[in-house]
$ cat work20.pdb   # PDB, C-alpha atoms and all ligand atoms
ATOM      1  CA  MET P   1      43.054 -29.071   1.023  1.00  0.00           C
ATOM      2  CA  LYS P   2      44.964 -28.290  -2.168  1.00  0.00           C
ATOM      3  CA  LYS P   3      45.790 -24.616  -2.901  1.00  0.00           C
ATOM      4  CA  ARG P   4      43.558 -24.580  -6.029  1.00  0.00           C
ATOM      5  CA  GLU P   5      40.497 -25.977  -4.144  1.00  0.00           C
ATOM      6  CA  PHE P   6      41.073 -23.486  -1.331  1.00  0.00           C
ATOM      7  CA  LEU P   7      41.099 -20.561  -3.777  1.00  0.00           C
ATOM      8  CA  LYS P   8      37.975 -21.901  -5.548  1.00  0.00           C
ATOM      9  CA  LEU P   9      36.091 -22.188  -2.239  1.00  0.00           C
ATOM     10  CA  GLY P  10      37.135 -18.661  -1.274  1.00  0.00           C
ATOM     11  CA  LEU P  11      35.937 -17.330  -4.613  1.00  0.00           C
ATOM     12  CA  LEU P  12      32.583 -19.111  -4.244  1.00  0.00           C
ATOM     13  CA  SER P  13      31.903 -17.714  -0.765  1.00  0.00           C
ATOM     14  CA  PHE P  14      32.921 -14.221  -1.960  1.00  0.00           C
ATOM     15  CA  SER P  15      30.406 -14.479  -4.862  1.00  0.00           C
ATOM     16  CA  ALA P  16      27.694 -15.668  -2.440  1.00  0.00           C
ATOM     17  CA  MET P  17      28.365 -12.668  -0.175  1.00  0.00           C
ATOM     18  CA  THR P  18      28.217 -10.246  -3.120  1.00  0.00           C
ATOM     19  CA  LEU P  19      24.954 -11.820  -4.272  1.00  0.00           C
ATOM     20  CA  SER P  20      23.303 -11.583  -0.851  1.00  0.00           C
ATOM     21  CA  ASN P  21      24.381  -7.914  -0.575  1.00  0.00           C
ATOM     22  CA  LYS P  22      22.844  -7.303  -3.992  1.00  0.00           C
ATOM     23  CA  LEU P  23      19.621  -9.067  -2.971  1.00  0.00           C
ATOM     24  CA  GLY P  24      19.379  -6.795   0.075  1.00  0.00           C
ATOM     25  CA  ALA P  25      19.725  -3.816  -2.255  1.00  0.00           C
ATOM     26  CA  LEU P  26      16.730  -4.896  -4.343  1.00  0.00           C
ATOM     27  CA  GLU P  27      14.438  -2.860  -2.088  1.00  0.00           C
ATOM     28  CA  TYR P  28      13.387   0.182  -4.069  1.00  0.00           C
ATOM     29  CA  TYR P  29      14.594   3.350  -2.345  1.00  0.00           C
ATOM     30  CA  PRO P  30      15.706   5.740  -5.103  1.00  0.00           C
ATOM     31  CA  ASN P  31      16.062   8.638  -2.657  1.00  0.00           C
ATOM     32  CA  LYS P  32      17.294   8.996   0.895  1.00  0.00           C
ATOM     33  CA  SER P  33      15.070  10.431   3.630  1.00  0.00           C
ATOM     34  CA  ASP P  34      15.743  11.454   7.222  1.00  0.00           C
ATOM     35  CA  LYS P  35      12.409   9.820   8.167  1.00  0.00           C
ATOM     36  CA  LYS P  36      11.378   6.257   7.445  1.00  0.00           C
ATOM     37  CA  TRP P  37       8.077   6.024   5.570  1.00  0.00           C
ATOM     38  CA  ALA P  38       5.869   2.988   4.877  1.00  0.00           C
ATOM     39  CA  VAL P  39       2.746   2.560   2.760  1.00  0.00           C
ATOM     40  CA  LEU P  40       0.557  -0.389   3.839  1.00  0.00           C
ATOM     41  CA  TYR P  41      -2.231  -1.685   1.612  1.00  0.00           C
ATOM     42  CA  GLY P  42      -4.866  -4.429   1.461  1.00  0.00           C
ATOM     43  CA  THR P  43      -6.021  -5.629  -1.941  1.00  0.00           C
ATOM     44  CA  TRP P  44      -7.814  -8.492  -3.677  1.00  0.00           C
ATOM     45  CA  CYS P  45      -6.938  -7.992  -7.329  1.00  0.00           C
ATOM     46  CA  GLY P  46      -4.180  -5.384  -7.190  1.00  0.00           C
ATOM     47  CA  SER P  47      -5.720  -1.912  -7.553  1.00  0.00           C
ATOM     48  CA  SER P  48      -4.644  -0.851  -4.063  1.00  0.00           C
ATOM     49  CA  ARG P  49      -1.174  -2.284  -4.666  1.00  0.00           C
ATOM     50  CA  ASP P  50      -0.791  -0.036  -7.716  1.00  0.00           C
ATOM     51  CA  ALA P  51      -2.244   2.948  -5.837  1.00  0.00           C
ATOM     52  CA  ALA P  52       0.213   2.337  -2.950  1.00  0.00           C
ATOM     53  CA  ILE P  53       3.221   2.125  -5.284  1.00  0.00           C
ATOM     54  CA  TRP P  54       2.178   5.256  -7.156  1.00  0.00           C
ATOM     55  CA  ILE P  55       1.595   7.122  -3.868  1.00  0.00           C
ATOM     56  CA  SER P  56       5.136   6.147  -2.883  1.00  0.00           C
ATOM     57  CA  GLU P  57       6.372   7.410  -6.278  1.00  0.00           C
ATOM     58  CA  GLY P  58       4.584  10.704  -5.607  1.00  0.00           C
ATOM     59  CA  MET P  59       6.645  10.870  -2.412  1.00  0.00           C
ATOM     60  CA  ASP P  60       9.805  10.632  -4.562  1.00  0.00           C
ATOM     61  CA  GLY P  61      10.129   6.945  -3.749  1.00  0.00           C
ATOM     62  CA  ILE P  62      11.122   7.329  -0.106  1.00  0.00           C
ATOM     63  CA  ALA P  63       8.413   4.990   1.250  1.00  0.00           C
ATOM     64  CA  ASN P  64       8.626   1.234   1.550  1.00  0.00           C
ATOM     65  CA  VAL P  65       5.416  -0.403   0.281  1.00  0.00           C
ATOM     66  CA  PHE P  66       3.877  -3.404   2.070  1.00  0.00           C
ATOM     67  CA  ASP P  67       1.016  -5.758   1.284  1.00  0.00           C
ATOM     68  CA  VAL P  68      -0.800  -6.478   4.555  1.00  0.00           C
ATOM     69  CA  ARG P  69      -0.325 -10.196   3.796  1.00  0.00           C
ATOM     70  CA  GLU P  70       3.358  -9.694   4.627  1.00  0.00           C
ATOM     71  CA  ASP P  71       2.263  -8.813   8.190  1.00  0.00           C
ATOM     72  CA  PRO P  72       4.994  -6.137   8.358  1.00  0.00           C
ATOM     73  CA  ASP P  73       6.451  -4.768  11.579  1.00  0.00           C
ATOM     74  CA  LEU P  74       5.809  -1.036  11.157  1.00  0.00           C
ATOM     75  CA  THR P  75       7.202  -0.021  14.549  1.00  0.00           C
ATOM     76  CA  VAL P  76      10.544   0.801  12.884  1.00  0.00           C
ATOM     77  CA  TYR P  77       8.864   3.423  10.637  1.00  0.00           C
ATOM     78  CA  ASP P  78       8.357   7.079  11.578  1.00  0.00           C
ATOM     79  CA  TYR P  79       5.376   7.661   9.303  1.00  0.00           C
ATOM     80  CA  VAL P  80       2.795   5.325   7.791  1.00  0.00           C
ATOM     81  CA  VAL P  81       0.158   5.645   5.026  1.00  0.00           C
ATOM     82  CA  VAL P  82      -2.672   3.081   5.092  1.00  0.00           C
ATOM     83  CA  GLY P  83      -5.162   2.165   2.391  1.00  0.00           C
ATOM     84  CA  GLY P  84      -7.235  -0.602   0.943  1.00  0.00           C
ATOM     85  CA  SER P  85      -9.666  -1.761  -1.686  1.00  0.00           C
ATOM     86  CA  ILE P  86     -13.349  -1.929  -0.852  1.00  0.00           C
ATOM     87  CA  ARG P  87     -15.758  -4.858  -1.040  1.00  0.00           C
ATOM     88  CA  GLY P  88     -19.197  -4.646   0.541  1.00  0.00           C
ATOM     89  CA  GLY P  89     -18.323  -1.175   1.862  1.00  0.00           C
ATOM     90  CA  GLN P  90     -15.240  -2.367   3.782  1.00  0.00           C
ATOM     91  CA  VAL P  91     -11.519  -2.975   3.396  1.00  0.00           C
ATOM     92  CA  SER P  92     -10.334  -6.601   3.452  1.00  0.00           C
ATOM     93  CA  GLU P  93     -10.764  -8.645   6.613  1.00  0.00           C
ATOM     94  CA  LEU P  94      -7.009  -9.144   6.736  1.00  0.00           C
ATOM     95  CA  LEU P  95      -6.372  -5.387   6.767  1.00  0.00           C
ATOM     96  CA  GLN P  96      -9.092  -4.893   9.390  1.00  0.00           C
ATOM     97  CA  LYS P  97      -7.518  -7.550  11.643  1.00  0.00           C
ATOM     98  CA  TYR P  98      -4.017  -6.162  11.124  1.00  0.00           C
ATOM     99  CA  LEU P  99      -5.165  -2.658  12.075  1.00  0.00           C
ATOM    100  CA  GLU P 100      -7.034  -3.892  15.144  1.00  0.00           C
ATOM    101  CA  LYS P 101      -3.938  -5.791  16.275  1.00  0.00           C
ATOM    102  CA  ASN P 102      -1.431  -2.999  15.539  1.00  0.00           C
ATOM    103  CA  ARG P 103      -3.563   0.091  16.191  1.00  0.00           C
ATOM    104  CA  GLU P 104      -1.718   1.119  19.360  1.00  0.00           C
ATOM    105  CA  LYS P 105       1.657   0.868  17.618  1.00  0.00           C
ATOM    106  CA  ILE P 106       0.865   2.775  14.435  1.00  0.00           C
ATOM    107  CA  SER P 107      -2.064   5.136  15.043  1.00  0.00           C
ATOM    108  CA  LYS P 108       0.158   8.138  15.918  1.00  0.00           C
ATOM    109  CA  LYS P 109       2.436   7.514  12.925  1.00  0.00           C
ATOM    110  CA  ILE P 110      -0.338   7.644  10.313  1.00  0.00           C
ATOM    111  CA  ARG P 111       0.041  10.541   7.852  1.00  0.00           C
ATOM    112  CA  GLY P 112      -2.423   9.542   5.116  1.00  0.00           C
ATOM    113  CA  LEU P 113      -5.403   7.257   4.454  1.00  0.00           C
ATOM    114  CA  PHE P 114      -6.853   6.053   1.157  1.00  0.00           C
ATOM    115  CA  ALA P 115      -9.494   3.717  -0.187  1.00  0.00           C
ATOM    116  CA  VAL P 116      -9.968   2.295  -3.699  1.00  0.00           C
ATOM    117  CA  CYS P 117     -13.538   1.569  -4.715  1.00  0.00           C
ATOM    118  CA  GLY P 118     -15.763   1.072  -7.747  1.00  0.00           C
ATOM    119  CA  ASN P 119     -18.573   3.457  -6.721  1.00  0.00           C
ATOM    120  CA  ARG P 120     -20.533   2.022  -9.658  1.00  0.00           C
ATOM    121  CA  MET P 121     -18.165   3.929 -11.932  1.00  0.00           C
ATOM    122  CA  GLN P 122     -19.569   7.251 -10.661  1.00  0.00           C
ATOM    123  CA  PRO P 123     -17.276  10.102  -9.554  1.00  0.00           C
ATOM    124  CA  VAL P 124     -16.277  10.066  -5.887  1.00  0.00           C
ATOM    125  CA  GLY P 125     -17.822  12.712  -3.623  1.00  0.00           C
ATOM    126  CA  PRO P 126     -17.764  13.629   0.059  1.00  0.00           C
ATOM    127  CA  GLU P 127     -20.245  10.801   0.897  1.00  0.00           C
ATOM    128  CA  GLN P 128     -17.698   8.164  -0.123  1.00  0.00           C
ATOM    129  CA  VAL P 129     -14.974   9.856   1.908  1.00  0.00           C
ATOM    130  CA  THR P 130     -17.254   9.913   4.943  1.00  0.00           C
ATOM    131  CA  ALA P 131     -18.449   6.315   4.557  1.00  0.00           C
ATOM    132  CA  LEU P 132     -15.195   4.617   3.556  1.00  0.00           C
ATOM    133  CA  ILE P 133     -12.613   6.674   5.407  1.00  0.00           C
ATOM    134  CA  ASP P 134     -14.050   8.807   8.237  1.00  0.00           C
ATOM    135  CA  ASN P 135     -16.518   6.172   9.440  1.00  0.00           C
ATOM    136  CA  HIS P 136     -14.481   3.106   8.556  1.00  0.00           C
ATOM    137  CA  LEU P 137     -10.724   3.188   7.848  1.00  0.00           C
ATOM    138  CA  ALA P 138      -9.936   6.107  10.181  1.00  0.00           C
ATOM    139  CA  LYS P 139     -11.755   4.295  13.005  1.00  0.00           C
ATOM    140  CA  LEU P 140      -9.927   1.036  12.317  1.00  0.00           C
ATOM    141  CA  CYS P 141      -6.650   2.985  12.481  1.00  0.00           C
ATOM    142  CA  GLY P 142      -7.702   4.809  15.641  1.00  0.00           C
ATOM    143  CA  ILE P 143      -6.590   8.204  14.373  1.00  0.00           C
ATOM    144  CA  SER P 144      -7.991  11.408  15.754  1.00  0.00           C
ATOM    145  CA  ASN P 145      -5.781  14.038  14.030  1.00  0.00           C
ATOM    146  CA  PRO P 146      -6.772  15.218  10.554  1.00  0.00           C
ATOM    147  CA  VAL P 147      -4.531  13.656   7.870  1.00  0.00           C
ATOM    148  CA  PRO P 148      -4.759  13.757   4.049  1.00  0.00           C
ATOM    149  CA  LEU P 149      -7.553  11.431   2.850  1.00  0.00           C
ATOM    150  CA  LYS P 150      -8.375  10.151  -0.601  1.00  0.00           C
ATOM    151  CA  VAL P 151     -10.881   7.799  -2.211  1.00  0.00           C
ATOM    152  CA  PHE P 152      -9.731   6.613  -5.639  1.00  0.00           C
ATOM    153  CA  LEU P 153     -11.848   4.933  -8.260  1.00  0.00           C
ATOM    154  CA  GLY P 154     -10.490   1.455  -8.954  1.00  0.00           C
ATOM    155  CA  ARG P 155     -10.972  -1.243 -11.549  1.00  0.00           C
ATOM    156  CA  ILE P 156     -12.495  -4.628 -12.279  1.00  0.00           C
ATOM    157  CA  THR P 157     -10.697  -7.308 -14.294  1.00  0.00           C
ATOM    158  CA  TYR P 158     -12.969 -10.339 -14.723  1.00  0.00           C
ATOM    159  CA  GLY P 159     -10.067 -12.748 -15.122  1.00  0.00           C
ATOM    160  CA  LEU P 160      -8.754 -11.905 -11.638  1.00  0.00           C
ATOM    161  CA  LEU P 161     -12.033 -12.435  -9.763  1.00  0.00           C
ATOM    162  CA  ASP P 162     -12.893 -15.591  -7.831  1.00  0.00           C
ATOM    163  CA  GLU P 163     -16.053 -17.389  -8.995  1.00  0.00           C
ATOM    164  CA  GLU P 164     -18.374 -15.950  -6.337  1.00  0.00           C
ATOM    165  CA  SER P 165     -17.215 -12.338  -6.877  1.00  0.00           C
ATOM    166  CA  SER P 166     -17.390 -12.777 -10.630  1.00  0.00           C
ATOM    167  CA  LYS P 167     -21.030 -13.920 -10.433  1.00  0.00           C
ATOM    168  CA  MET P 168     -21.891 -11.031  -8.114  1.00  0.00           C
ATOM    169  CA  ILE P 169     -20.292  -8.402 -10.354  1.00  0.00           C
ATOM    170  CA  GLN P 170     -21.826  -9.823 -13.520  1.00  0.00           C
ATOM    171  CA  GLY P 171     -25.185 -10.053 -11.687  1.00  0.00           C
ATOM    172  CA  PHE P 172     -24.978  -6.258 -11.323  1.00  0.00           C
ATOM    173  CA  ASN P 173     -24.282  -6.057 -15.080  1.00  0.00           C
ATOM    174  CA  MET P 174     -20.999  -4.404 -14.214  1.00  0.00           C
ATOM    175  CA  PRO P 175     -18.581  -4.307 -17.168  1.00  0.00           C
ATOM    176  CA  GLU P 176     -14.813  -4.473 -16.808  1.00  0.00           C
ATOM    177  CA  TYR P 177     -13.480  -0.990 -16.119  1.00  0.00           C
ATOM    178  CA  ASP P 178     -10.274   0.800 -15.138  1.00  0.00           C
ATOM    179  CA  ASN P 179     -10.677   4.182 -13.475  1.00  0.00           C
ATOM    180  CA  LEU P 180      -7.581   4.211 -11.283  1.00  0.00           C
ATOM    181  CA  LYS P 181      -5.316   7.065 -12.361  1.00  0.00           C
ATOM    182  CA  ARG P 182      -1.602   7.122 -11.628  1.00  0.00           C
ATOM    183  CA  GLU P 183      -1.518  10.942 -11.695  1.00  0.00           C
ATOM    184  CA  ASP P 184      -4.129  11.103  -8.881  1.00  0.00           C
ATOM    185  CA  CYS P 185      -2.050   8.732  -6.752  1.00  0.00           C
ATOM    186  CA  LEU P 186       1.164  10.689  -7.422  1.00  0.00           C
ATOM    187  CA  ALA P 187      -0.617  13.920  -6.436  1.00  0.00           C
ATOM    188  CA  PHE P 188      -1.837  12.308  -3.205  1.00  0.00           C
ATOM    189  CA  GLY P 189       1.719  11.174  -2.369  1.00  0.00           C
ATOM    190  CA  LYS P 190       2.955  14.750  -2.875  1.00  0.00           C
ATOM    191  CA  GLU P 191       0.111  16.094  -0.720  1.00  0.00           C
ATOM    192  CA  ILE P 192       1.032  13.728   2.132  1.00  0.00           C
ATOM    193  CA  LEU P 193       4.696  14.735   1.975  1.00  0.00           C
ATOM    194  CA  ASN P 194       3.942  18.473   1.822  1.00  0.00           C
ATOM    195  CA  THR P 195       1.416  18.297   4.672  1.00  0.00           C
ATOM    196  CA  THR P 196       3.899  16.466   6.894  1.00  0.00           C
ATOM    197  CA  LYS P 197       6.668  18.986   6.042  1.00  0.00           C
ATOM    198  CA  GLN P 198       4.336  21.896   6.867  1.00  0.00           C
ATOM    199  CA  ILE P 199       3.375  20.375  10.236  1.00  0.00           C
ATOM    200  CA  LYS P 200       7.057  19.796  11.071  1.00  0.00           C
ATOM    201  CA  SER P 201       8.074  23.360  10.185  1.00  0.00           C
ATOM    202  CA  GLY P 202       4.907  25.018  11.573  1.00  0.00           C
TER     203      GLY P 202
HETATM  204  C1  LIG P 301     -17.086  -8.583  -4.954  1.00  0.00           C
HETATM  205  C2  LIG P 301     -16.879  -7.096  -5.079  1.00  0.00           C
HETATM  206  C3  LIG P 301     -17.515  -6.232  -4.195  1.00  0.00           C
HETATM  207  C4  LIG P 301     -17.330  -4.857  -4.331  1.00  0.00           C
HETATM  208  N1  LIG P 301     -17.943  -4.015  -3.442  1.00  0.00           N
HETATM  209  C5  LIG P 301     -17.815  -2.697  -3.597  1.00  0.00           C
HETATM  210  C6  LIG P 301     -18.491  -1.785  -2.718  1.00  0.00           C
HETATM  211  O1  LIG P 301     -19.150  -2.178  -1.758  1.00  0.00           O
HETATM  212  N2  LIG P 301     -18.379  -0.456  -2.950  1.00  0.00           N
HETATM  213  C7  LIG P 301     -17.630   0.049  -3.992  1.00  0.00           C
HETATM  214  O2  LIG P 301     -17.595   1.257  -4.190  1.00  0.00           O
HETATM  215  N3  LIG P 301     -16.936  -0.787  -4.804  1.00  0.00           N
HETATM  216  C8  LIG P 301     -17.023  -2.135  -4.641  1.00  0.00           C
HETATM  217  N4  LIG P 301     -16.332  -2.973  -5.472  1.00  0.00           N
HETATM  218  C9  LIG P 301     -15.413  -2.412  -6.479  1.00  0.00           C
HETATM  219  C10 LIG P 301     -13.951  -2.481  -5.979  1.00  0.00           C
HETATM  220  O3  LIG P 301     -13.793  -1.726  -4.819  1.00  0.00           O
HETATM  221  C11 LIG P 301     -12.987  -1.970  -7.035  1.00  0.00           C
HETATM  222  O4  LIG P 301     -13.153  -2.698  -8.211  1.00  0.00           O
HETATM  223  C12 LIG P 301     -11.545  -2.055  -6.572  1.00  0.00           C
HETATM  224  O5  LIG P 301     -10.707  -1.437  -7.519  1.00  0.00           O
HETATM  225  C13 LIG P 301     -11.123  -3.502  -6.389  1.00  0.00           C
HETATM  226  O6  LIG P 301      -9.875  -3.564  -5.756  1.00  0.00           O
HETATM  227  P1  LIG P 301      -8.894  -4.806  -5.925  1.00  0.00           P
HETATM  228  O7  LIG P 301      -8.186  -4.622  -7.255  1.00  0.00           O
HETATM  229  O8  LIG P 301      -7.974  -4.747  -4.790  1.00  0.00           O
HETATM  230  O9  LIG P 301      -9.756  -6.035  -5.926  1.00  0.00           O
HETATM  231  C14 LIG P 301     -16.494  -4.353  -5.352  1.00  0.00           C
HETATM  232  C15 LIG P 301     -15.853  -5.226  -6.220  1.00  0.00           C
HETATM  233  C16 LIG P 301     -16.011  -6.579  -6.089  1.00  0.00           C
HETATM  234  C17 LIG P 301     -15.293  -7.493  -7.038  1.00  0.00           C
END
$ encode --input "work20.pdb" --output "C-alpha cells"
Amino acid sequence: MKKREFLKLGLLSFSAMTLSNKLGALEYYPNKSDKKWAVLYGTWCGSSRDAAIWISEGMDGIANVFDVREDPDLTVYDYVVVGGSIRGGQVSELLQKYLEKNREKISKKIRGLFAVCGNRMQPVGPEQVTALIDNHLAKLCGISNPVPLKVFLGRITYGLLDEESSKMIQGFNMPEYDNLKREDCLAFGKEILNTTKQIKSG
C-alpha cells in the first residue's frame, strides 16, 4: 500500500471512530447523577412522551426516557418512573404486557407513576387517581409502597388518530384539545426527586 493511501485510510477510520463516539454522546444527560434514573412511557399519539420528557426535565435532566416500544432493559437503572396514556380506562396493551413481564425486576425501583387522560376535558380529581393509578397502573407495576402519583390531562389531535379512534372521538362530539401542561410535568419531576432524596436521608 502506498504511503498516501495508508494515511488516507488511517484518517478515515479515525473520523469514523470520532463519529461513533459523538453518536453515543447524543443521549441527553445534561447533569450527572450518582443514581441512574429512567422514565418509561406508553403512548399512542405522543402526550405521554411529552409528559415523560418534561418530567425528566423537572428532575434536572438526569433520567433517561424510554418509549415502551423500545422494550428497554431497566435492570441497569436504580430508579424508574412509569406512566402512560389512557384509552378505554387503561394504559396501552404494550405497556401492560411489558409491566407484566418485567414486574419482578422493576417493582422495587419505581419512584413515581403517572397517567395522561382526557377526562372529557374536566379537571382531574381523586376518582381518576384511584381508577387509573391505584386500581390500574400501580397494580400492573406490583408496587406496594406509596410513591408520588399524578394524573395529567392530555390532548387530542385529530390528524394523529387512526380511523377507528377518530370516529369514536368525533362520535362523542369531542373537539381537538390540548390540556397537557409542561409546568405540571416539571413540578411532578421535582416532587419525585425530592421525595426520593427525603427517603434516602430520612
Ligand atoms: C380512542 C380514545 C379513547 C380514549 N379513552 C379515554 C378514557 O377512557 N378515559 C379518558 O380519560 N381519556 C380517554 N381518552 C383521551 C386520551 O387519554 C388523551 O387524549 C391522551 O392525551 C391521549 O394520549 P396519546 O397522545 O398518547 O394518544 C381517549 C382518547 C382516544 C383517542
$ residues_near_ligand --input "work20.pdb" --ligand "ligand LIG 301 (chain P)" --cutoff "6 Å" --atoms "only C-alpha atoms and all ligand atoms" --output "list in words"
Thr43, Trp44, Cys45, Gly46, Ser47, Ser48, Ser85, Ile86, Arg87, Gly88, Gly89, Val116, Cys117, Gly118, Asn119, Gly154, Arg155, Ile156 and Ser165 of chain P
$ write_last_selection --input "work20.pdb" --atoms "C-alpha atoms" --output "PDB file, in the coordinates of the input"
ATOM      1  CA  THR P  43      -6.021  -5.629  -1.941  1.00  0.00           C
ATOM      2  CA  TRP P  44      -7.814  -8.492  -3.677  1.00  0.00           C
ATOM      3  CA  CYS P  45      -6.938  -7.992  -7.329  1.00  0.00           C
ATOM      4  CA  GLY P  46      -4.180  -5.384  -7.190  1.00  0.00           C
ATOM      5  CA  SER P  47      -5.720  -1.912  -7.553  1.00  0.00           C
ATOM      6  CA  SER P  48      -4.644  -0.851  -4.063  1.00  0.00           C
ATOM      7  CA  SER P  85      -9.666  -1.761  -1.686  1.00  0.00           C
ATOM      8  CA  ILE P  86     -13.349  -1.929  -0.852  1.00  0.00           C
ATOM      9  CA  ARG P  87     -15.758  -4.858  -1.040  1.00  0.00           C
ATOM     10  CA  GLY P  88     -19.197  -4.646   0.541  1.00  0.00           C
ATOM     11  CA  GLY P  89     -18.323  -1.175   1.862  1.00  0.00           C
ATOM     12  CA  VAL P 116      -9.968   2.295  -3.699  1.00  0.00           C
ATOM     13  CA  CYS P 117     -13.538   1.569  -4.715  1.00  0.00           C
ATOM     14  CA  GLY P 118     -15.763   1.072  -7.747  1.00  0.00           C
ATOM     15  CA  ASN P 119     -18.573   3.457  -6.721  1.00  0.00           C
ATOM     16  CA  GLY P 154     -10.490   1.455  -8.954  1.00  0.00           C
ATOM     17  CA  ARG P 155     -10.972  -1.243 -11.549  1.00  0.00           C
ATOM     18  CA  ILE P 156     -12.495  -4.628 -12.279  1.00  0.00           C
ATOM     19  CA  SER P 165     -17.215 -12.338  -6.877  1.00  0.00           C
TER      20      SER P 165
END
$ closest_residue --input "work20.pdb" --among "P:Asn102, P:Thr196, P:Asn173, P:Ser92" --to "Val147 in chain P" --atoms "all atoms listed in the file"
P:Thr196
$ atom_distance --input "work20.pdb" --atom1 "CA of Gln122 in chain P" --atom2 "CA of Leu153 in chain P"
8.4 Å
$ atom_distance --input "work20.pdb" --atom1 "CA of Ile55 in chain P" --atom2 "CA of Thr195 in chain P"
14.1 Å
$ residues_around --input "work20.pdb" --residues "Ile133 in chain P" --least-positions-apart "2" --cutoff "10 Å" --atoms "only C-alpha atoms" --output "list of chain:residue names"
P:Gly83, P:Gln90, P:Val91, P:Leu113, P:Phe114, P:Ala115, P:Glu127, P:Gln128, P:Val129, P:Thr130, P:Ala131, P:Asn135, P:His136, P:Leu137, P:Ala138, P:Lys139, P:Leu140, P:Cys141, P:Leu149, P:Lys150, P:Val151
$ atom_distance --input "work20.pdb" --atom1 "CA of Glu191 in chain P" --atom2 "CA of Gln96 in chain P"
25.0 Å
$ residues_around --input "work20.pdb" --residues "Val39 in chain P" --least-positions-apart "4" --cutoff "6 Å" --atoms "only C-alpha atoms" --output "short mmCIF file (atom, residue, chain, number, x, y, z; two decimals) with C-alpha atoms, in the coordinates of the input"
data_model
loop_
_atom_site.label_atom_id
_atom_site.label_comp_id
_atom_site.auth_asym_id
_atom_site.auth_seq_id
_atom_site.Cartn_x
_atom_site.Cartn_y
_atom_site.Cartn_z
CA VAL P 65 5.42 -0.40 0.28
CA VAL P 80 2.80 5.32 7.79
CA VAL P 81 0.16 5.64 5.03
CA VAL P 82 -2.67 3.08 5.09
#
$ axis_aligned_box --input "work20.pdb" --around "range 84-101 of chain P" --padding-each-side "6 Å" --output "JSON"
{"center_x": -11.6, "center_y": -4.9, "center_z": 7.3, "size_x": 27.3, "size_y": 20.5, "size_z": 30.0}
$ closest_residue --input "work20.pdb" --among "P:Gly142, P:Pro148, P:Gly189, P:Gly171" --to "Ala52 in chain P" --atoms "only C-alpha atoms"
P:Gly189
$ closest_residue --input "work20.pdb" --among "P:Arg49, P:Asp60, P:Leu40, P:Pro126" --to "Asp73 in chain P" --atoms "only C-alpha atoms"
P:Leu40
